[in-house]
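Student: Take a look at this one; I'll ask things after.
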Amino acid sequence: MPKAKGKSRRQKYSYNLNRKRLYRSARRRAAPRIACSHIRHAWDPTKSVAQNLAEMGLAEDPNKAVPIPKKLLGMEVESGGRGQGKKIVRKPYVVNEMEYEASLPEKKSNTLSRDLIDYVRYMIQNHGENYKEMARDEKNYYQDTPKQIKRKINVYKNFYPEEYKDFVASLKQEKMDVQ
């Protein structure tokens, strides 16, 4: 479809724009953000990816770093005299920091909701191990079946084993006091 007459205008040069700043910001936006903070801080933007990773002691290509040995008729073939020179690691602290961070134990971040904990404690307190009675209880708002309630109680036991043992022990103590 043809353009409307008189709508194409030639571009005028804008003298008010800082071309150098525009170019730099465009390059910065186009470059991906490195997720690992240790690598990001040691990264040298003037060098290539291969050079940066080699300086840090990291592998650019895992297939070259850990080659799979080729086997011919059940016998291993040695690499034909290819001597790989030792690469100089100028930034070993990057690998050390990453290894230290990986060795730290992972925090248990997932927990149960307060409502579920209260629900399970209420059911155990009033009905013990009788899941059919729990299913008929008026506080069973979501109309859980006995198996669903049992599953919720097992989840609670797995998340808080010590708390569950203390709770059951306190219930037994209360029953002893009543009798």
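Ordered as shown in the structure tokens, chains take letters A, B, and onward, while each chain numbers its residues from 1 and ligands are numbered from 1 in the order shown.
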Check chain A with DSSP on the backbone and list each residue it calls strand (DSSP E or B), as a list in words.

Tutor: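 So, restricting chain A to strand (DSSP E or B), we get Lys71, Leu72, Met75 and Glu76 of chain A.
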
Student: Would you put the residues from that selection into a file with all heavy atoms, as a PDB file, in the first residue's frame?

Tutor:
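Saved to part34.pdb:
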ATOM      1  N   LYS A  71      37.076 -44.537  22.667  1.00  0.00           N
ATOM      2  CA  LYS A  71      37.433 -45.951  22.776  1.00  0.00           C
ATOM      3  C   LYS A  71      37.313 -46.610  21.403  1.00  0.00           C
ATOM      4  O   LYS A  71      36.345 -46.419  20.685  1.00  0.00           O
ATOM      5  CB  LYS A  71      36.504 -46.647  23.771  1.00  0.00           C
ATOM      6  CG  LYS A  71      36.672 -46.141  25.184  1.00  0.00           C
ATOM      7  CD  LYS A  71      35.802 -46.903  26.144  1.00  0.00           C
ATOM      8  CE  LYS A  71      36.003 -46.355  27.537  1.00  0.00           C
ATOM      9  NZ  LYS A  71      35.236 -47.057  28.537  1.00  0.00           N
ATOM     10  N   LEU A  72      38.333 -47.371  21.061  1.00  0.00           N
ATOM     11  CA  LEU A  72      38.326 -48.120  19.803  1.00  0.00           C
ATOM     12  C   LEU A  72      38.449 -49.602  20.127  1.00  0.00           C
ATOM     13  O   LEU A  72      39.450 -50.041  20.690  1.00  0.00           O
ATOM     14  CB  LEU A  72      39.486 -47.711  18.907  1.00  0.00           C
ATOM     15  CG  LEU A  72      39.293 -46.481  18.029  1.00  0.00           C
ATOM     16  CD1 LEU A  72      40.563 -46.172  17.270  1.00  0.00           C
ATOM     17  CD2 LEU A  72      38.163 -46.708  17.046  1.00  0.00           C
ATOM     18  N   MET A  75      39.709 -50.723  23.507  1.00  0.00           N
ATOM     19  CA  MET A  75      40.988 -50.209  23.988  1.00  0.00           C
ATOM     20  C   MET A  75      40.952 -48.684  23.959  1.00  0.00           C
ATOM     21  O   MET A  75      40.451 -48.088  23.025  1.00  0.00           O
ATOM     22  CB  MET A  75      42.137 -50.703  23.097  1.00  0.00           C
ATOM     23  CG  MET A  75      42.297 -52.208  23.129  1.00  0.00           C
ATOM     24  SD  MET A  75      43.561 -52.746  21.993  1.00  0.00           S
ATOM     25  CE  MET A  75      44.997 -51.978  22.674  1.00  0.00           C
ATOM     26  N   GLU A  76      41.511 -48.099  24.988  1.00  0.00           N
ATOM     27  CA  GLU A  76      41.537 -46.639  25.026  1.00  0.00           C
ATOM     28  C   GLU A  76      42.672 -46.111  24.176  1.00  0.00           C
ATOM     29  O   GLU A  76      43.770 -46.669  24.151  1.00  0.00           O
ATOM     30  CB  GLU A  76      41.720 -46.150  26.467  1.00  0.00           C
ATOM     31  CG  GLU A  76      40.482 -46.308  27.315  1.00  0.00           C
ATOM     32  CD  GLU A  76      40.602 -45.561  28.616  1.00  0.00           C
ATOM     33  OE1 GLU A  76      41.420 -44.639  28.716  1.00  0.00           O
ATOM     34  OE2 GLU A  76      39.856 -45.913  29.534  1.00  0.00           O
TER      35      GLU A  76
END

Student: Going by DSSP on the backbone, which bits of segment 21-171 of chain A are helix (DSSP H, G or I)? Write them as an MDAnalysis selection string, please.

Tutor: chainID A and resid 21:30 37:42 49:56 62:65 92:103 114:127 131:136 146:159 161:171

Student: Mind checking which residues fall within 9 Å of segment 60-65 of chain A, counting only C-alpha atoms, ignoring those fewer than 4 positions away in the same chain, and posting them as a list in words?

Tutor: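 Returned residues: Val49, Ala50, Leu53 and Ala54 of chain A.
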
Student: Which polymer residues have any atom within 12 Å of an atom of segment 168-171 of chain A, counting only C-alpha atoms, with same-chain residues fewer than 2 positions away left out, as an MDAnalysis selection string?

Tutor: chainID A and resid 120:129 157 161:166 173:178

Student: Next, the residues of the selection above should be written as a PDB file, in the first residue's frame with N, CA and C atoms.

Tutor:
ATOM      1  N   VAL A 120      -4.164 -28.812  62.348  1.00  0.00           N
ATOM      2  CA  VAL A 120      -3.649 -30.135  62.681  1.00  0.00           C
ATOM      3  C   VAL A 120      -3.604 -30.323  64.199  1.00  0.00           C
ATOM      4  N   ARG A 121      -3.128 -29.312  64.916  1.00  0.00           N
ATOM      5  CA  ARG A 121      -3.051 -29.421  66.379  1.00  0.00           C
ATOM      6  C   ARG A 121      -4.447 -29.578  66.991  1.00  0.00           C
ATOM      7  N   TYR A 122      -5.407 -28.850  66.470  1.00  0.00           N
ATOM      8  CA  TYR A 122      -6.782 -28.946  66.975  1.00  0.00           C
ATOM      9  C   TYR A 122      -7.328 -30.362  66.764  1.00  0.00           C
ATOM     10  N   MET A 123      -7.120 -30.903  65.556  1.00  0.00           N
ATOM     11  CA  MET A 123      -7.636 -32.234  65.240  1.00  0.00           C
ATOM     12  C   MET A 123      -6.987 -33.304  66.111  1.00  0.00           C
ATOM     13  N   ILE A 124      -5.670 -33.215  66.303  1.00  0.00           N
ATOM     14  CA  ILE A 124      -4.983 -34.213  67.130  1.00  0.00           C
ATOM     15  C   ILE A 124      -5.425 -34.077  68.587  1.00  0.00           C
ATOM     16  N   GLN A 125      -5.586 -32.871  69.026  1.00  0.00           N
ATOM     17  CA  GLN A 125      -5.963 -32.631  70.417  1.00  0.00           C
ATOM     18  C   GLN A 125      -7.361 -33.181  70.713  1.00  0.00           C
ATOM     19  N   ASN A 126      -8.291 -33.027  69.782  1.00  0.00           N
ATOM     20  CA  ASN A 126      -9.668 -33.444  70.035  1.00  0.00           C
ATOM     21  C   ASN A 126      -9.960 -34.891  69.643  1.00  0.00           C
ATOM     22  N   HIS A 127      -9.250 -35.417  68.636  1.00  0.00           N
ATOM     23  CA  HIS A 127      -9.615 -36.735  68.116  1.00  0.00           C
ATOM     24  C   HIS A 127      -8.486 -37.749  68.153  1.00  0.00           C
ATOM     25  N   GLY A 128      -7.279 -37.364  68.526  1.00  0.00           N
ATOM     26  CA  GLY A 128      -6.169 -38.319  68.578  1.00  0.00           C
ATOM     27  C   GLY A 128      -5.811 -38.818  67.188  1.00  0.00           C
ATOM     28  N   GLU A 129      -5.937 -40.155  66.982  1.00  0.00           N
ATOM     29  CA  GLU A 129      -5.598 -40.756  65.692  1.00  0.00           C
ATOM     30  C   GLU A 129      -6.842 -41.189  64.912  1.00  0.00           C
ATOM     31  N   LYS A 157       4.141 -33.643  60.786  1.00  0.00           N
ATOM     32  CA  LYS A 157       5.134 -34.467  61.504  1.00  0.00           C
ATOM     33  C   LYS A 157       6.506 -34.343  60.849  1.00  0.00           C
ATOM     34  N   PRO A 161       9.213 -32.342  63.552  1.00  0.00           N
ATOM     35  CA  PRO A 161       9.173 -33.591  64.321  1.00  0.00           C
ATOM     36  C   PRO A 161       9.289 -33.380  65.839  1.00  0.00           C
ATOM     37  N   GLU A 162      10.179 -32.482  66.273  1.00  0.00           N
ATOM     38  CA  GLU A 162      10.355 -32.250  67.714  1.00  0.00           C
ATOM     39  C   GLU A 162       9.106 -31.606  68.311  1.00  0.00           C
ATOM     40  N   GLU A 163       8.568 -30.630  67.590  1.00  0.00           N
ATOM     41  CA  GLU A 163       7.374 -29.944  68.062  1.00  0.00           C
ATOM     42  C   GLU A 163       6.201 -30.927  68.170  1.00  0.00           C
ATOM     43  N   TYR A 164       6.090 -31.840  67.218  1.00  0.00           N
ATOM     44  CA  TYR A 164       5.018 -32.832  67.244  1.00  0.00           C
ATOM     45  C   TYR A 164       5.171 -33.760  68.449  1.00  0.00           C
ATOM     46  N   LYS A 165       6.404 -34.232  68.707  1.00  0.00           N
ATOM     47  CA  LYS A 165       6.646 -35.115  69.851  1.00  0.00           C
ATOM     48  C   LYS A 165       6.305 -34.418  71.163  1.00  0.00           C
ATOM     49  N   ASP A 166       6.715 -33.164  71.290  1.00  0.00           N
ATOM     50  CA  ASP A 166       6.397 -32.406  72.505  1.00  0.00           C
ATOM     51  C   ASP A 166       4.893 -32.228  72.658  1.00  0.00           C
ATOM     52  N   GLN A 173       0.283 -36.165  78.976  1.00  0.00           N
ATOM     53  CA  GLN A 173       0.405 -35.644  80.336  1.00  0.00           C
ATOM     54  C   GLN A 173      -0.928 -35.081  80.818  1.00  0.00           C
ATOM     55  N   GLU A 174      -1.659 -34.388  79.948  1.00  0.00           N
ATOM     56  CA  GLU A 174      -2.962 -33.850  80.301  1.00  0.00           C
ATOM     57  C   GLU A 174      -3.952 -34.965  80.618  1.00  0.00           C
ATOM     58  N   LYS A 175      -3.913 -36.062  79.813  1.00  0.00           N
ATOM     59  CA  LYS A 175      -4.806 -37.189  80.060  1.00  0.00           C
ATOM     60  C   LYS A 175      -4.494 -37.858  81.388  1.00  0.00           C
ATOM     61  N   MET A 176      -3.217 -37.932  81.743  1.00  0.00           N
ATOM     62  CA  MET A 176      -2.792 -38.524  83.018  1.00  0.00           C
ATOM     63  C   MET A 176      -3.312 -37.652  84.175  1.00  0.00           C
ATOM     64  N   ASP A 177      -3.228 -36.338  84.006  1.00  0.00           N
ATOM     65  CA  ASP A 177      -3.677 -35.434  85.068  1.00  0.00           C
ATOM     66  C   ASP A 177      -5.183 -35.533  85.273  1.00  0.00           C
ATOM     67  N   VAL A 178      -5.946 -35.726  84.168  1.00  0.00           N
ATOM     68  CA  VAL A 178      -7.401 -35.809  84.261  1.00  0.00           C
ATOM     69  C   VAL A 178      -7.813 -37.083  85.000  1.00  0.00           C
TER      70      VAL A 178
END

Student: Just the number, please: distance in Å from atom CA of Arg33 of chain A to atom CA of Ser103 of chain A, one decimal.

Tutor: 24.5 Å

Student: Report, in Å to a single decimal, how far apart atom CA of Met56 of chain A and atom CA of Asp44 of chain A are.

Tutor: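 Between atom CA of Asp44 of chain A and atom CA of Met56 of chain A the gap is 10.8 Å.
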
Student: So which one's closest to Arg27 of chain A, A:Pro92, A:Gly57, A:Pro146, A:Pro45? Using only C-alpha atoms, please.

Tutor: A:Pro45

Student: For Trp43 of chain A, which of A:Ala26, A:Leu17, A:Val94, A:Val66 is the closest residue, counting only C-alpha atoms?

Tutor: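 Closest to Trp43 of chain A of all the choices is A:Val94.
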
Student: Would you mind listing what lies within 12 Å of Val155 of chain A as number ranges by chain, with only C-alpha atoms counted and same-chain residues fewer than 2 positions away left out?

Tutor: A: 111-113, 116-117, 120, 148-153, 157-161, 164

Student: Given only C-alpha atoms as the basis, pick out the residue of A:Ala102, A:Tyr156, A:Gln51, A:Pro32 nearest to Val89 of chain A.

Tutor: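 Closest to Val89 of chain A, using only C-alpha atoms: A:Gln51.
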
Student: Expressed in Å to a single decimal, how great is the separation between atom CA of Lys87 of chain A and atom CA of Glu55 of chain A?

Tutor: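 Taking atom CA of Lys87 of chain A and atom CA of Glu55 of chain A, their separation equals 8.2 Å.
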